Amino acid sequence: MLILNQADVRRLLPMRECVDVMAATLATLARGEAAMPLRTVMRVPNSRDFFAVMPAFLSEPRSLGAKVITVFPGNHGTALDSHQGAVLLFDAKDGSLVALLDATAVTTIRTAAVSAVATRLLAREGPAEVAILGAGVQGHSHLEAMHAVRTIAKLHVWSRSTDHARALVRLATERMGLDARVAGSAEQAVRASSIICTTTASAEPVLLGEWLTPGSHVNAIGASTPNAREVDTAAVVRARLYVDRRESALNEPGDILVPLKSGAITADHIRGEIGELLLGRAEGRTNGTDITLFKSLGLAVEDLGAACHVYAKAVREGAGVRVALGGARDAAH
């Protein structure tokens with residue numbers, strides 16, 4: 001078995017490559033050439049923490065695997081990531097475990113890469129002012145992802161932590177040469193921008209529909225449980241809504257479940273999956289004034305597609321560390 005740590009994954013999975021891998025993976029899902037149950041999530045008793053298992057199968061590349069992670073919100077602001085775990089990659093022919101990859105790096109990169117795919121498909125063409133609400137791990141990753149698919153004319157960063165916002169602005173200006181600034185409020189950032197990414201850990205909306213200007217596109221990332229949402233009902237109602245997967249979207253995120261339960265929308269408000277857009281089976285933006293919203297849940301097939309790509313490169317380059325763990329029968333027994 002090959003073990004690939006955070007540094008290995010980051011080196012072998014550059015953002016621009018991952019964007020293309022995620023597009024191919026979501027197209028495979030939309031063609032019905034993948035298998036993936038809803039994730040199993042267990043709350044750790046007497047805490048806000050979760051343990052989750054996300055299995056999947058892909059026909060191309062033919063692969064089998066699962067992500068096993070913990071989500072500990074209390075880690076925000078500490079030396080530890082809030083999402084930690086491993087992606088397990090198995091040989092789909094004989095069932096042997098072939099690789100274990102750091103899940104934090106895989107999740108960080110592939111989540112933003114999927115948002116980049118959605119942005120490439122749904123946001124208006126040309127230079128854009130971009131708002132990032134939330135300046136943690138996903139805020140940083142989404143800056144890189146948006147930079148990969150659109151020219152950023154100006155960047156507006158808002159965070160509950162001013163220090164975190166300043167750090168992201170520094171990175172954008174010093175390393176990427178962008179015109180970036182800390183926004184005085186989330187509303188200010190949203191009203192100034194045509195592409196907005198919500199990457200917070202908030203359980204309550206940080207983006208209100210009344211702030212959105214005609215023609216804007218939103219990537220809503222942070223909320224993935226029924227009792228949490230980053231965008232309010234008005235934002236969902238105003239927008240043409242797209243998801244990574246309908247089944248997940250109709251069962252997991254408060255962003256969609258709250259408007260559904262209130263009767264503000266029906267399930268038909270979802271215009272399509274990103275994979276359906278890629279295959280031409282769903283209609284995207286129809287004009288320059290449409291507001292589009294991509295609600296990201298993060299799918300096991302995305303982790304699996306990324307893991308396959310990283311593993312193939314690691315084998316070619318001789319990266320990682322090999323250990324003996326199961327698989328072949330021990331001859332002594």
# chains A, B, ... in the order shown; residues from 1 in each chain; ligands from 1
>>> residues_around(residues="stretch 9-13 of chain A", least_positions_apart="3", cutoff="10 Å", atoms="only C-alpha atoms", output="ChimeraX atom specification")
/A:4-6,16-19,21,101-106,108-110,306-307,309-314,317,319-320
>>> write_last_selection(atoms="C-alpha atoms", output="CSV table (one decimal), in the first residue's frame")
chain,number,residue,atom,x,y,z
A,4,LEU,CA,0.7,9.9,0.5
A,5,ASN,CA,0.8,12.7,3.1
A,6,GLN,CA,-0.4,16.3,2.8
A,16,ARG,CA,-5.7,23.6,-12.5
A,17,GLU,CA,-5.3,19.9,-12.9
A,18,CYS,CA,-7.9,19.2,-10.3
A,19,VAL,CA,-10.4,21.4,-12.0
A,21,VAL,CA,-10.3,16.0,-13.0
A,101,LEU,CA,-4.1,9.6,1.1
A,102,ASP,CA,-4.3,12.6,3.5
A,103,ALA,CA,-8.0,13.6,3.3
A,104,THR,CA,-7.5,17.2,4.5
A,105,ALA,CA,-5.5,18.1,1.4
A,106,VAL,CA,-7.7,16.1,-1.0
A,108,THR,CA,-9.3,21.3,0.4
A,109,ILE,CA,-8.3,21.1,-3.2
A,110,ARG,CA,-11.2,19.2,-4.8
A,306,ALA,CA,-8.9,13.1,-7.1
A,307,ALA,CA,-7.3,10.1,-5.3
A,309,HIS,CA,-5.3,11.0,-10.2
A,310,VAL,CA,-2.9,11.6,-7.4
A,311,TYR,CA,-2.1,7.8,-7.0
A,312,ALA,CA,-1.4,7.4,-10.7
A,313,LYS,CA,1.1,10.3,-10.7
A,314,ALA,CA,2.7,9.1,-7.5
A,317,GLU,CA,7.1,9.5,-10.0
A,319,ALA,CA,6.4,9.3,-4.6
A,320,GLY,CA,5.0,8.4,-1.2
>>> select_by_dssp(residues="stretch 161-314 of chain A", states="strand (DSSP E)", output="list in words")
Ala180, Arg181, Val182, Ile195, Ile196, Cys197, Thr198, His217, Val218, Asn219, Ala220, Arg240, Leu241, Tyr242, Val243, Ile270, Arg271, Gly272, Glu273, Thr292, Leu293, Phe294 and Lys295 of chain A
>>> write_last_selection(atoms="N, CA and C atoms", output="PDB file, in the first residue's frame")
ATOM      1  N   ALA A 180      -6.663  43.649  -3.903  1.00  0.00           N
ATOM      2  CA  ALA A 180      -7.477  42.990  -2.873  1.00  0.00           C
ATOM      3  C   ALA A 180      -7.622  43.886  -1.661  1.00  0.00           C
ATOM      4  N   ARG A 181      -8.747  43.755  -0.992  1.00  0.00           N
ATOM      5  CA  ARG A 181      -8.998  44.562   0.206  1.00  0.00           C
ATOM      6  C   ARG A 181      -9.900  43.822   1.171  1.00  0.00           C
ATOM      7  N   VAL A 182      -9.820  44.184   2.446  1.00  0.00           N
ATOM      8  CA  VAL A 182     -10.705  43.642   3.473  1.00  0.00           C
ATOM      9  C   VAL A 182     -12.005  44.439   3.428  1.00  0.00           C
ATOM     10  N   ILE A 195     -18.973  37.527  -8.516  1.00  0.00           N
ATOM     11  CA  ILE A 195     -18.729  36.133  -8.120  1.00  0.00           C
ATOM     12  C   ILE A 195     -18.517  36.126  -6.615  1.00  0.00           C
ATOM     13  N   ILE A 196     -19.310  35.323  -5.912  1.00  0.00           N
ATOM     14  CA  ILE A 196     -19.243  35.288  -4.450  1.00  0.00           C
ATOM     15  C   ILE A 196     -19.060  33.842  -4.006  1.00  0.00           C
ATOM     16  N   CYS A 197     -18.109  33.616  -3.123  1.00  0.00           N
ATOM     17  CA  CYS A 197     -17.889  32.294  -2.524  1.00  0.00           C
ATOM     18  C   CYS A 197     -18.118  32.384  -1.025  1.00  0.00           C
ATOM     19  N   THR A 198     -19.040  31.595  -0.499  1.00  0.00           N
ATOM     20  CA  THR A 198     -19.247  31.529   0.948  1.00  0.00           C
ATOM     21  C   THR A 198     -18.525  30.295   1.467  1.00  0.00           C
ATOM     22  N   HIS A 217     -22.985  35.371  -9.565  1.00  0.00           N
ATOM     23  CA  HIS A 217     -22.912  33.923  -9.361  1.00  0.00           C
ATOM     24  C   HIS A 217     -22.395  33.646  -7.962  1.00  0.00           C
ATOM     25  N   VAL A 218     -23.004  32.676  -7.276  1.00  0.00           N
ATOM     26  CA  VAL A 218     -22.634  32.329  -5.904  1.00  0.00           C
ATOM     27  C   VAL A 218     -22.214  30.867  -5.837  1.00  0.00           C
ATOM     28  N   ASN A 219     -21.089  30.610  -5.175  1.00  0.00           N
ATOM     29  CA  ASN A 219     -20.690  29.256  -4.786  1.00  0.00           C
ATOM     30  C   ASN A 219     -20.877  29.153  -3.276  1.00  0.00           C
ATOM     31  N   ALA A 220     -21.851  28.354  -2.833  1.00  0.00           N
ATOM     32  CA  ALA A 220     -22.131  28.190  -1.402  1.00  0.00           C
ATOM     33  C   ALA A 220     -21.516  26.875  -0.946  1.00  0.00           C
ATOM     34  N   ARG A 240     -31.087  30.876 -10.047  1.00  0.00           N
ATOM     35  CA  ARG A 240     -31.145  29.592 -10.744  1.00  0.00           C
ATOM     36  C   ARG A 240     -30.205  28.663  -9.971  1.00  0.00           C
ATOM     37  N   LEU A 241     -30.762  27.593  -9.401  1.00  0.00           N
ATOM     38  CA  LEU A 241     -30.048  26.760  -8.432  1.00  0.00           C
ATOM     39  C   LEU A 241     -29.466  25.516  -9.098  1.00  0.00           C
ATOM     40  N   TYR A 242     -28.181  25.266  -8.824  1.00  0.00           N
ATOM     41  CA  TYR A 242     -27.482  24.092  -9.343  1.00  0.00           C
ATOM     42  C   TYR A 242     -26.770  23.386  -8.193  1.00  0.00           C
ATOM     43  N   VAL A 243     -26.587  22.076  -8.330  1.00  0.00           N
ATOM     44  CA  VAL A 243     -26.003  21.271  -7.245  1.00  0.00           C
ATOM     45  C   VAL A 243     -25.006  20.282  -7.843  1.00  0.00           C
ATOM     46  N   ILE A 270     -34.254  23.162  -8.402  1.00  0.00           N
ATOM     47  CA  ILE A 270     -32.907  22.759  -8.819  1.00  0.00           C
ATOM     48  C   ILE A 270     -32.903  22.614 -10.328  1.00  0.00           C
ATOM     49  N   ARG A 271     -32.124  23.455 -11.016  1.00  0.00           N
ATOM     50  CA  ARG A 271     -32.119  23.466 -12.480  1.00  0.00           C
ATOM     51  C   ARG A 271     -31.284  22.347 -13.070  1.00  0.00           C
ATOM     52  N   GLY A 272     -30.318  21.845 -12.293  1.00  0.00           N
ATOM     53  CA  GLY A 272     -29.494  20.776 -12.815  1.00  0.00           C
ATOM     54  C   GLY A 272     -28.294  20.505 -11.945  1.00  0.00           C
ATOM     55  N   GLU A 273     -27.653  19.372 -12.200  1.00  0.00           N
ATOM     56  CA  GLU A 273     -26.378  19.033 -11.575  1.00  0.00           C
ATOM     57  C   GLU A 273     -25.250  19.572 -12.455  1.00  0.00           C
ATOM     58  N   THR A 292     -27.096  33.082 -10.522  1.00  0.00           N
ATOM     59  CA  THR A 292     -26.901  31.634 -10.436  1.00  0.00           C
ATOM     60  C   THR A 292     -26.286  31.274  -9.092  1.00  0.00           C
ATOM     61  N   LEU A 293     -26.683  30.125  -8.568  1.00  0.00           N
ATOM     62  CA  LEU A 293     -26.211  29.659  -7.262  1.00  0.00           C
ATOM     63  C   LEU A 293     -25.836  28.197  -7.363  1.00  0.00           C
ATOM     64  N   PHE A 294     -24.607  27.889  -7.037  1.00  0.00           N
ATOM     65  CA  PHE A 294     -24.154  26.498  -6.941  1.00  0.00           C
ATOM     66  C   PHE A 294     -24.043  26.124  -5.483  1.00  0.00           C
ATOM     67  N   LYS A 295     -24.837  25.142  -5.062  1.00  0.00           N
ATOM     68  CA  LYS A 295     -24.736  24.618  -3.697  1.00  0.00           C
ATOM     69  C   LYS A 295     -23.884  23.362  -3.716  1.00  0.00           C
TER      70      LYS A 295
END
>>> closest_residue(among="A:Val41, A:Cys308, A:Ala165, A:Thr233", to="A:Asp91", atoms="only C-alpha atoms")
A:Cys308
>>> select_by_dssp(residues="stretch 19-264 of chain A", states="helix (DSSP H, G or I)", output="PyMOL selection string")
chain A and resi 19-30+73-75+103-122+137-149+162-174+186-191+209-211+233-238+246-249+254-262
>>> write_last_selection(atoms="C-alpha atoms", output="short mmCIF file (atom, residue, chain, number, x, y, z; two decimals), in the first residue's frame")
data_model
loop_
_atom_site.label_atom_id
_atom_site.label_comp_id
_atom_site.auth_asym_id
_atom_site.auth_seq_id
_atom_site.Cartn_x
_atom_site.Cartn_y
_atom_site.Cartn_z
CA VAL A 19 -10.44 21.41 -12.02
CA ASP A 20 -10.21 19.18 -15.10
CA VAL A 21 -10.30 16.00 -13.00
CA MET A 22 -13.44 17.18 -11.19
CA ALA A 23 -15.15 18.06 -14.48
CA ALA A 24 -14.45 14.55 -15.80
CA THR A 25 -15.59 12.97 -12.53
CA LEU A 26 -18.89 14.89 -12.38
CA ALA A 27 -19.59 14.05 -16.02
CA THR A 28 -19.06 10.37 -15.19
CA LEU A 29 -21.53 10.70 -12.31
CA ALA A 30 -24.12 12.38 -14.56
CA PRO A 73 -15.49 22.66 14.47
CA GLY A 74 -13.61 23.55 17.65
CA ASN A 75 -10.35 23.19 15.75
CA ALA A 103 -8.00 13.60 3.33
CA THR A 104 -7.48 17.18 4.46
CA ALA A 105 -5.45 18.05 1.37
CA VAL A 106 -7.73 16.12 -0.99
CA THR A 107 -10.86 17.79 0.44
CA THR A 108 -9.34 21.27 0.42
CA ILE A 109 -8.29 21.13 -3.21
CA ARG A 110 -11.15 19.19 -4.78
CA THR A 111 -13.87 21.26 -3.04
CA ALA A 112 -12.54 24.48 -4.51
CA ALA A 113 -11.89 22.82 -7.87
CA VAL A 114 -15.56 21.81 -8.11
CA SER A 115 -16.55 25.43 -7.39
CA ALA A 116 -14.20 26.43 -10.20
CA VAL A 117 -15.98 24.04 -12.58
CA ALA A 118 -19.34 25.57 -11.57
CA THR A 119 -17.96 29.09 -11.97
CA ARG A 120 -16.54 28.31 -15.39
CA LEU A 121 -19.98 27.04 -16.48
CA LEU A 122 -22.26 29.58 -14.78
CA VAL A 137 -8.73 26.96 4.61
CA GLN A 138 -11.49 26.97 2.01
CA GLY A 139 -11.28 30.74 1.61
CA HIS A 140 -7.64 30.38 0.60
CA SER A 141 -8.35 27.42 -1.66
CA HIS A 142 -11.27 29.19 -3.35
CA LEU A 143 -9.12 32.21 -4.08
CA GLU A 144 -6.76 29.93 -6.00
CA ALA A 145 -9.67 28.20 -7.73
CA MET A 146 -11.38 31.42 -8.83
CA HIS A 147 -8.03 32.75 -10.05
CA ALA A 148 -7.69 29.60 -12.17
CA VAL A 149 -10.92 30.15 -14.13
CA THR A 162 -10.20 40.48 10.71
CA ASP A 163 -6.75 38.95 11.12
CA HIS A 164 -7.72 36.03 8.87
CA ALA A 165 -9.16 38.42 6.28
CA ARG A 166 -5.99 40.50 6.30
CA ALA A 167 -3.85 37.37 5.87
CA LEU A 168 -5.82 36.31 2.79
CA VAL A 169 -5.62 39.82 1.33
CA ARG A 170 -1.85 39.81 1.90
CA LEU A 171 -1.51 36.54 0.05
CA ALA A 172 -3.63 37.83 -2.83
CA THR A 173 -1.64 41.04 -3.20
CA GLU A 174 1.90 39.82 -2.50
CA ALA A 186 -20.31 40.76 4.20
CA GLU A 187 -22.97 42.96 2.60
CA GLN A 188 -20.36 45.37 1.28
CA ALA A 189 -18.35 42.52 -0.24
CA VAL A 190 -21.38 40.88 -1.87
CA ARG A 191 -22.86 44.08 -3.34
CA GLY A 209 -30.55 37.49 -1.25
CA GLU A 210 -31.33 41.21 -1.21
CA TRP A 211 -27.59 41.95 -1.51
CA THR A 233 -34.16 31.74 1.54
CA ALA A 234 -34.36 34.92 -0.56
CA ALA A 235 -31.00 34.13 -2.18
CA VAL A 236 -32.15 30.63 -3.12
CA VAL A 237 -35.49 31.87 -4.44
CA ARG A 238 -33.87 34.59 -6.58
CA ARG A 246 -29.72 16.13 -6.41
CA GLU A 247 -30.06 13.30 -3.90
CA SER A 248 -27.49 14.86 -1.59
CA ALA A 249 -28.91 18.36 -2.03
CA GLY A 254 -30.05 23.62 5.34
CA ASP A 255 -29.45 26.08 2.47
CA ILE A 256 -31.95 24.04 0.44
CA LEU A 257 -33.94 22.14 3.09
CA VAL A 258 -35.11 25.26 4.94
CA PRO A 259 -36.64 26.89 1.81
CA LEU A 260 -38.13 23.52 0.85
CA LYS A 261 -39.79 23.01 4.23
CA SER A 262 -41.18 26.55 4.24
#
>>> atom_distance(atom1="atom CA of A:Leu64", atom2="atom CA of A:Ser96")
9.9 Å
>>> atom_distance(atom1="atom CA of A:Asp8", atom2="atom CA of A:Leu97")
18.5 Å
>>> closest_atom_pairs(of="stretch 220-319 of chain A", to="stretch 35-40 of chain A", cutoff="12 Å", atoms="only C-alpha atoms", output="JSON lines")
{"residue": "A:Ser224", "atom": "CA", "partner": "A:Arg39", "partner_atom": "CA", "distance": 11.0}
{"residue": "A:Thr225", "atom": "CA", "partner": "A:Arg39", "partner_atom": "CA", "distance": 11.3}
{"residue": "A:Arg245", "atom": "CA", "partner": "A:Leu38", "partner_atom": "CA", "distance": 10.3}
{"residue": "A:Arg246", "atom": "CA", "partner": "A:Leu38", "partner_atom": "CA", "distance": 11.0}
{"residue": "A:Glu247", "atom": "CA", "partner": "A:Leu38", "partner_atom": "CA", "distance": 7.8}
{"residue": "A:Ser248", "atom": "CA", "partner": "A:Leu38", "partner_atom": "CA", "distance": 6.5}
{"residue": "A:Ala249", "atom": "CA", "partner": "A:Leu38", "partner_atom": "CA", "distance": 10.2}
{"residue": "A:Leu250", "atom": "CA", "partner": "A:Leu38", "partner_atom": "CA", "distance": 10.8}
{"residue": "A:Asn251", "atom": "CA", "partner": "A:Leu38", "partner_atom": "CA", "distance": 8.6}
{"residue": "A:Glu252", "atom": "CA", "partner": "A:Leu38", "partner_atom": "CA", "distance": 9.0}
{"residue": "A:Leu297", "atom": "CA", "partner": "A:Arg39", "partner_atom": "CA", "distance": 10.5}
{"residue": "A:Gly298", "atom": "CA", "partner": "A:Arg39", "partner_atom": "CA", "distance": 10.0}
{"residue": "A:Leu299", "atom": "CA", "partner": "A:Met36", "partner_atom": "CA", "distance": 8.4}
{"residue": "A:Ala300", "atom": "CA", "partner": "A:Met36", "partner_atom": "CA", "distance": 7.0}
{"residue": "A:Val301", "atom": "CA", "partner": "A:Met36", "partner_atom": "CA", "distance": 7.2}
{"residue": "A:Glu302", "atom": "CA", "partner": "A:Met36", "partner_atom": "CA", "distance": 10.6}
{"residue": "A:Asp303", "atom": "CA", "partner": "A:Met36", "partner_atom": "CA", "distance": 11.6}
{"residue": "A:Leu304", "atom": "CA", "partner": "A:Met36", "partner_atom": "CA", "distance": 10.6}
>>> write_last_selection(atoms="N, CA and C atoms", output="short mmCIF file (atom, residue, chain, number, x, y, z; two decimals), in the first residue's frame")
data_model
loop_
_atom_site.label_atom_id
_atom_site.label_comp_id
_atom_site.auth_asym_id
_atom_site.auth_seq_id
_atom_site.Cartn_x
_atom_site.Cartn_y
_atom_site.Cartn_z
N SER A 224 -23.40 21.90 5.35
CA SER A 224 -23.69 20.57 4.78
C SER A 224 -24.60 19.75 5.67
N THR A 225 -25.23 20.38 6.66
CA THR A 225 -26.15 19.68 7.54
C THR A 225 -27.50 20.40 7.53
N ARG A 245 -25.14 17.11 -6.77
CA ARG A 245 -25.95 15.90 -6.87
C ARG A 245 -27.31 16.15 -6.22
N ARG A 246 -28.38 15.86 -6.93
CA ARG A 246 -29.72 16.13 -6.41
C ARG A 246 -30.01 15.39 -5.11
N GLU A 247 -29.72 14.09 -5.08
CA GLU A 247 -30.06 13.30 -3.90
C GLU A 247 -29.42 13.88 -2.65
N SER A 248 -28.17 14.26 -2.74
CA SER A 248 -27.49 14.86 -1.59
C SER A 248 -28.11 16.20 -1.24
N ALA A 249 -28.38 17.01 -2.26
CA ALA A 249 -28.91 18.36 -2.03
C ALA A 249 -30.29 18.33 -1.38
N LEU A 250 -31.08 17.31 -1.66
CA LEU A 250 -32.44 17.22 -1.11
C LEU A 250 -32.49 16.51 0.23
N ASN A 251 -31.33 16.11 0.74
CA ASN A 251 -31.30 15.40 2.01
C ASN A 251 -30.38 16.02 3.06
N GLU A 252 -29.43 16.89 2.65
CA GLU A 252 -28.39 17.28 3.59
C GLU A 252 -28.32 18.76 3.97
N LEU A 297 -22.01 20.22 -1.95
CA LEU A 297 -22.07 19.34 -0.79
C LEU A 297 -20.76 18.61 -0.57
N GLY A 298 -20.01 18.38 -1.65
CA GLY A 298 -18.81 17.57 -1.55
C GLY A 298 -19.19 16.10 -1.63
N LEU A 299 -18.74 15.43 -2.67
CA LEU A 299 -19.17 14.06 -2.93
C LEU A 299 -18.01 13.08 -2.85
N ALA A 300 -18.35 11.85 -2.47
CA ALA A 300 -17.32 10.82 -2.37
C ALA A 300 -16.66 10.55 -3.72
N VAL A 301 -17.42 10.67 -4.83
CA VAL A 301 -16.80 10.43 -6.14
C VAL A 301 -15.73 11.47 -6.44
N GLU A 302 -15.91 12.69 -5.88
CA GLU A 302 -14.89 13.73 -6.08
C GLU A 302 -13.60 13.35 -5.38
N ASP A 303 -13.72 12.85 -4.15
CA ASP A 303 -12.54 12.38 -3.43
C ASP A 303 -11.88 11.22 -4.16
N LEU A 304 -12.71 10.32 -4.69
CA LEU A 304 -12.19 9.15 -5.38
C LEU A 304 -11.50 9.55 -6.69
#
